[in-house]
Amino acid sequence: MKETIFQLLKDQGDLTWEQIVTRIAMTVLLGLVIFVSYYISHRGTIYSRKFNVSLVILAVLTGTVMIVIGNNIALSLGMVGALSIVRFRTAIKDSRDTMYLFWAIIVGICCGVGSFFVAAAGSGAVFLVLLLFGAVKNDSRILLIIRGARRSESKVETLVFQSFDRKARLRVKNTTPDTVELIYELSEKILTRARKKNPNLSDAFYALEDIEYVNFVMQNDEISN
């Protein structure tokens with residue numbers, strides 16, 4: 001029993017320099033694939049070049065650790081113990097960032113143990129899926145915010161009803177004894193059609209009595225607080 005445990009804890013299969021360099025080089029190559037994929041899918045306002053570079057470095061570091069660990073159970077348990085006391089406080093701004101972190105780690109693990117085909121095939125599949133669904137853009141949401149006197153409320157609602165063909169959704173209605181604020185949700189397509197029918201859409205609202213302001217606010221999924 002002791003001999004079996006000792007054999008498991010021993011370092012099994014030392015790697016040559018050529019194998020080490022090959023594994024690290026493949027990790028860097030697939031890390032660059034992750035870099036390009038992240039750049040393509042995050043070209044909006046939340047793109048972070050530092051985070052993108054960190055993904056490549058994370059893949060290389062993971063691959064390096066896996067090369068050192070190999071089949072050594074003692075080292076693997078030590079790594080798990082070391083990572084368990086590390087606390088990461090970096091805020092994730094986009095849910096896709098978590099997926100890219102796992103992708104970089106998985107590439108590092110696969111290349112670190114020499115499973116180049118698995119790493120390349122998996123990365124290729126993920127890249128194609130992201131490229132395919134990344135081309136499908138969500139229709140941007142627009143908030144129409146109108147504030148004015150309460151006596152003009154019915155006129156505002158009628159104009160909104162007519163201008164947007166009954167497709168504007170009332171989301172918020174704030175009132176005071178003297179004023180009312182209406183917030184409608186529109187899609188970009190609905191707003192475009194309304195502006196084709198009436199290019200001076202804002203002026204039409206201001207033509208009503210006692211309108212303080214008319215605001216159009218774009219909501220985009222790529223903007224995170």
# chains A, B, ... in the order shown; residues from 1 in each chain; ligands from 1
$ residues_around --residues "Phe117 of chain A" --least-positions-apart "3" --cutoff "12 Å" --atoms "only C-alpha atoms" --output "PyMOL selection string"
chain A and resi 23+26-27+30+107+110-111+113-114+120-124
$ write_last_selection --atoms "N, CA, C and O atoms" --output "mmCIF file, in the first residue's frame"
data_model
loop_
_atom_site.group_PDB
_atom_site.id
_atom_site.type_symbol
_atom_site.label_atom_id
_atom_site.label_comp_id
_atom_site.auth_asym_id
_atom_site.auth_seq_id
_atom_site.Cartn_x
_atom_site.Cartn_y
_atom_site.Cartn_z
ATOM 1 N N ARG A 23 3.811 22.808 -26.165
ATOM 2 C CA ARG A 23 2.569 22.997 -25.422
ATOM 3 C C ARG A 23 2.315 24.474 -25.122
ATOM 4 O O ARG A 23 1.177 24.955 -25.241
ATOM 5 N N MET A 26 1.299 26.215 -28.422
ATOM 6 C CA MET A 26 -0.089 25.939 -28.785
ATOM 7 C C MET A 26 -1.057 26.714 -27.893
ATOM 8 O O MET A 26 -2.096 27.187 -28.359
ATOM 9 N N THR A 27 -0.687 26.855 -26.640
ATOM 10 C CA THR A 27 -1.529 27.643 -25.735
ATOM 11 C C THR A 27 -1.592 29.100 -26.182
ATOM 12 O O THR A 27 -2.668 29.715 -26.186
ATOM 13 N N LEU A 30 -3.810 29.328 -29.440
ATOM 14 C CA LEU A 30 -5.247 29.276 -29.179
ATOM 15 C C LEU A 30 -5.690 30.453 -28.311
ATOM 16 O O LEU A 30 -6.837 30.888 -28.401
ATOM 17 N N VAL A 107 -8.596 25.949 -22.366
ATOM 18 C CA VAL A 107 -7.537 25.860 -23.379
ATOM 19 C C VAL A 107 -6.190 25.608 -22.708
ATOM 20 O O VAL A 107 -5.394 24.775 -23.162
ATOM 21 N N CYS A 110 -6.095 21.912 -21.492
ATOM 22 C CA CYS A 110 -5.950 20.952 -22.597
ATOM 23 C C CYS A 110 -4.545 20.979 -23.198
ATOM 24 O O CYS A 110 -3.924 19.936 -23.420
ATOM 25 N N CYS A 111 -4.042 22.182 -23.451
ATOM 26 C CA CYS A 111 -2.704 22.288 -24.039
ATOM 27 C C CYS A 111 -1.634 21.868 -23.031
ATOM 28 O O CYS A 111 -0.600 21.304 -23.410
ATOM 29 N N VAL A 113 -1.742 19.498 -20.896
ATOM 30 C CA VAL A 113 -1.638 18.035 -20.826
ATOM 31 C C VAL A 113 -1.391 17.413 -22.193
ATOM 32 O O VAL A 113 -1.357 16.191 -22.314
ATOM 33 N N GLY A 114 -1.260 18.272 -23.217
ATOM 34 C CA GLY A 114 -0.933 17.771 -24.543
ATOM 35 C C GLY A 114 -2.114 17.391 -25.412
ATOM 36 O O GLY A 114 -1.932 16.796 -26.483
ATOM 37 N N ALA A 120 -8.077 22.550 -29.859
ATOM 38 C CA ALA A 120 -8.306 23.224 -31.136
ATOM 39 C C ALA A 120 -9.733 23.015 -31.632
ATOM 40 O O ALA A 120 -10.391 23.958 -32.095
ATOM 41 N N ALA A 121 -10.221 21.775 -31.515
ATOM 42 C CA ALA A 121 -11.583 21.490 -31.982
ATOM 43 C C ALA A 121 -12.614 22.238 -31.147
ATOM 44 O O ALA A 121 -13.560 22.833 -31.681
ATOM 45 N N GLY A 122 -12.439 22.220 -29.831
ATOM 46 C CA GLY A 122 -13.375 22.941 -28.968
ATOM 47 C C GLY A 122 -13.340 24.435 -29.201
ATOM 48 O O GLY A 122 -14.385 25.090 -29.272
ATOM 49 N N SER A 123 -12.131 24.994 -29.347
ATOM 50 C CA SER A 123 -12.008 26.436 -29.593
ATOM 51 C C SER A 123 -12.605 26.823 -30.938
ATOM 52 O O SER A 123 -13.259 27.863 -31.063
ATOM 53 N N GLY A 124 -12.396 25.976 -31.937
ATOM 54 C CA GLY A 124 -12.975 26.258 -33.253
ATOM 55 C C GLY A 124 -14.496 26.259 -33.212
ATOM 56 O O GLY A 124 -15.147 27.125 -33.809
#
$ closest_residue --among "A:Gly70, A:Gly148, A:Pro177, A:Gly31" --to "Ile106 of chain A" --atoms "only C-alpha atoms"
A:Gly31
$ closest_residue --among "A:Leu170, A:Ile183, A:Leu32, A:Ala149" --to "Leu208 of chain A" --atoms "only C-alpha atoms"
A:Ala149
$ residues_around --residues "Ala204 of chain A" --least-positions-apart "3" --cutoff "10 Å" --atoms "only C-alpha atoms" --output "PyMOL selection string"
chain A and resi 156+159+163+198-201+207-208
$ residues_around --residues "Val217 of chain A" --least-positions-apart "2" --cutoff "7 Å" --atoms "only C-alpha atoms" --output "list in words"
Ile142, Leu143, Leu144, Asn215 and Gln219 of chain A
$ write_last_selection --atoms "C-alpha atoms" --output "PDB file, in the first residue's frame"
ATOM      1  CA  ILE A 142     -35.605  53.216 -26.624  1.00  0.00           C
ATOM      2  CA  LEU A 143     -37.319  55.027 -23.787  1.00  0.00           C
ATOM      3  CA  LEU A 144     -39.531  57.988 -24.630  1.00  0.00           C
ATOM      4  CA  ASN A 215     -36.330  62.792 -24.164  1.00  0.00           C
ATOM      5  CA  GLN A 219     -30.959  51.332 -23.976  1.00  0.00           C
TER       6      GLN A 219
END
$ select_by_dssp --residues "segment 122-196 of chain A" --states "strand (DSSP E)" --output "list in words"
Arg141, Ile142, Leu143, Leu144, Ile145, Ile146, Arg147, Gly148, Ala149, Arg169, Leu170, Arg171, Val172, Lys173, Asn174, Thr175, Thr179, Val180, Glu181, Leu182, Ile183, Tyr184, Glu185, Leu186 and Ser187 of chain A
$ atom_distance --atom1 "atom CA of Met99 of chain A" --atom2 "atom CA of Ser187 of chain A"
28.6 Å
$ atom_distance --atom1 "atom CA of Met66 of chain A" --atom2 "atom CA of Val129 of chain A"
27.3 Å
$ closest_residue --among "A:Leu55, A:Phe205, A:Gln19, A:Asp210" --to "Arg150 of chain A" --atoms "only C-alpha atoms"
A:Asp210
$ atom_distance --atom1 "atom CA of Ser54 of chain A" --atom2 "atom CA of Ser41 of chain A"
16.2 Å
$ residues_around --residues "Ile105 of chain A" --least-positions-apart "6" --cutoff "8 Å" --atoms "only C-alpha atoms" --output "list in words"
Leu58, Ala59 and Thr62 of chain A
$ decode --residues "segment 174-198 of chain A" --atoms "N, CA and C atoms" --output "PDB file, in the first residue's frame"
ATOM      1  N   ASN A 174     -45.360  58.726 -13.581  1.00  0.00           N
ATOM      2  CA  ASN A 174     -45.136  59.467 -12.340  1.00  0.00           C
ATOM      3  C   ASN A 174     -45.992  60.730 -12.352  1.00  0.00           C
ATOM      4  N   THR A 175     -46.690  60.951 -11.258  1.00  0.00           N
ATOM      5  CA  THR A 175     -47.574  62.117 -11.209  1.00  0.00           C
ATOM      6  C   THR A 175     -47.362  62.900  -9.920  1.00  0.00           C
ATOM      7  N   THR A 176     -47.612  64.189 -10.013  1.00  0.00           N
ATOM      8  CA  THR A 176     -47.710  65.093  -8.870  1.00  0.00           C
ATOM      9  C   THR A 176     -49.032  65.842  -9.039  1.00  0.00           C
ATOM     10  N   PRO A 177     -49.427  66.647  -8.082  1.00  0.00           N
ATOM     11  CA  PRO A 177     -50.682  67.395  -8.264  1.00  0.00           C
ATOM     12  C   PRO A 177     -50.698  68.257  -9.522  1.00  0.00           C
ATOM     13  N   ASP A 178     -49.514  68.671 -10.011  1.00  0.00           N
ATOM     14  CA  ASP A 178     -49.490  69.584 -11.151  1.00  0.00           C
ATOM     15  C   ASP A 178     -48.859  68.988 -12.411  1.00  0.00           C
ATOM     16  N   THR A 179     -48.010  67.969 -12.263  1.00  0.00           N
ATOM     17  CA  THR A 179     -47.262  67.464 -13.410  1.00  0.00           C
ATOM     18  C   THR A 179     -47.447  65.954 -13.563  1.00  0.00           C
ATOM     19  N   VAL A 180     -47.088  65.478 -14.742  1.00  0.00           N
ATOM     20  CA  VAL A 180     -47.113  64.054 -15.040  1.00  0.00           C
ATOM     21  C   VAL A 180     -45.893  63.722 -15.894  1.00  0.00           C
ATOM     22  N   GLU A 181     -45.305  62.578 -15.618  1.00  0.00           N
ATOM     23  CA  GLU A 181     -44.167  62.090 -16.406  1.00  0.00           C
ATOM     24  C   GLU A 181     -44.496  60.700 -16.912  1.00  0.00           C
ATOM     25  N   LEU A 182     -44.459  60.545 -18.217  1.00  0.00           N
ATOM     26  CA  LEU A 182     -44.792  59.276 -18.870  1.00  0.00           C
ATOM     27  C   LEU A 182     -43.538  58.705 -19.519  1.00  0.00           C
ATOM     28  N   ILE A 183     -43.278  57.440 -19.279  1.00  0.00           N
ATOM     29  CA  ILE A 183     -42.120  56.765 -19.866  1.00  0.00           C
ATOM     30  C   ILE A 183     -42.621  55.587 -20.691  1.00  0.00           C
ATOM     31  N   TYR A 184     -42.364  55.649 -21.991  1.00  0.00           N
ATOM     32  CA  TYR A 184     -42.780  54.599 -22.921  1.00  0.00           C
ATOM     33  C   TYR A 184     -41.556  53.843 -23.425  1.00  0.00           C
ATOM     34  N   GLU A 185     -41.745  52.564 -23.672  1.00  0.00           N
ATOM     35  CA  GLU A 185     -40.677  51.751 -24.262  1.00  0.00           C
ATOM     36  C   GLU A 185     -40.996  51.507 -25.728  1.00  0.00           C
ATOM     37  N   LEU A 186     -40.009  51.799 -26.578  1.00  0.00           N
ATOM     38  CA  LEU A 186     -40.155  51.626 -28.020  1.00  0.00           C
ATOM     39  C   LEU A 186     -39.027  50.745 -28.533  1.00  0.00           C
ATOM     40  N   SER A 187     -39.211  50.235 -29.721  1.00  0.00           N
ATOM     41  CA  SER A 187     -38.108  49.587 -30.417  1.00  0.00           C
ATOM     42  C   SER A 187     -37.570  50.552 -31.469  1.00  0.00           C
ATOM     43  N   GLU A 188     -36.380  50.293 -31.926  1.00  0.00           N
ATOM     44  CA  GLU A 188     -35.766  51.174 -32.909  1.00  0.00           C
ATOM     45  C   GLU A 188     -36.556  51.190 -34.213  1.00  0.00           C
ATOM     46  N   LYS A 189     -37.127  50.049 -34.566  1.00  0.00           N
ATOM     47  CA  LYS A 189     -37.918  49.979 -35.799  1.00  0.00           C
ATOM     48  C   LYS A 189     -39.173  50.837 -35.698  1.00  0.00           C
ATOM     49  N   ILE A 190     -39.826  50.780 -34.553  1.00  0.00           N
ATOM     50  CA  ILE A 190     -41.043  51.579 -34.371  1.00  0.00           C
ATOM     51  C   ILE A 190     -40.730  53.063 -34.427  1.00  0.00           C
ATOM     52  N   LEU A 191     -39.632  53.475 -33.788  1.00  0.00           N
ATOM     53  CA  LEU A 191     -39.249  54.886 -33.814  1.00  0.00           C
ATOM     54  C   LEU A 191     -38.880  55.334 -35.221  1.00  0.00           C
ATOM     55  N   THR A 192     -38.219  54.482 -35.967  1.00  0.00           N
ATOM     56  CA  THR A 192     -37.845  54.841 -37.345  1.00  0.00           C
ATOM     57  C   THR A 192     -39.074  55.044 -38.207  1.00  0.00           C
ATOM     58  N   ARG A 193     -40.053  54.161 -38.074  1.00  0.00           N
ATOM     59  CA  ARG A 193     -41.289  54.316 -38.854  1.00  0.00           C
ATOM     60  C   ARG A 193     -42.034  55.581 -38.454  1.00  0.00           C
ATOM     61  N   ALA A 194     -42.044  55.882 -37.165  1.00  0.00           N
ATOM     62  CA  ALA A 194     -42.744  57.084 -36.704  1.00  0.00           C
ATOM     63  C   ALA A 194     -42.070  58.348 -37.234  1.00  0.00           C
ATOM     64  N   ARG A 195     -40.744  58.352 -37.304  1.00  0.00           N
ATOM     65  CA  ARG A 195     -40.028  59.527 -37.809  1.00  0.00           C
ATOM     66  C   ARG A 195     -40.168  59.679 -39.311  1.00  0.00           C
ATOM     67  N   LYS A 196     -40.402  58.589 -40.000  1.00  0.00           N
ATOM     68  CA  LYS A 196     -40.661  58.693 -41.442  1.00  0.00           C
ATOM     69  C   LYS A 196     -41.999  59.381 -41.692  1.00  0.00           C
ATOM     70  N   LYS A 197     -42.988  59.061 -40.866  1.00  0.00           N
ATOM     71  CA  LYS A 197     -44.289  59.707 -41.012  1.00  0.00           C
ATOM     72  C   LYS A 197     -44.269  61.154 -40.537  1.00  0.00           C
ATOM     73  N   ASN A 198     -43.482  61.410 -39.490  1.00  0.00           N
ATOM     74  CA  ASN A 198     -43.419  62.762 -38.927  1.00  0.00           C
ATOM     75  C   ASN A 198     -41.971  63.057 -38.528  1.00  0.00           C
TER      76      ASN A 198
END
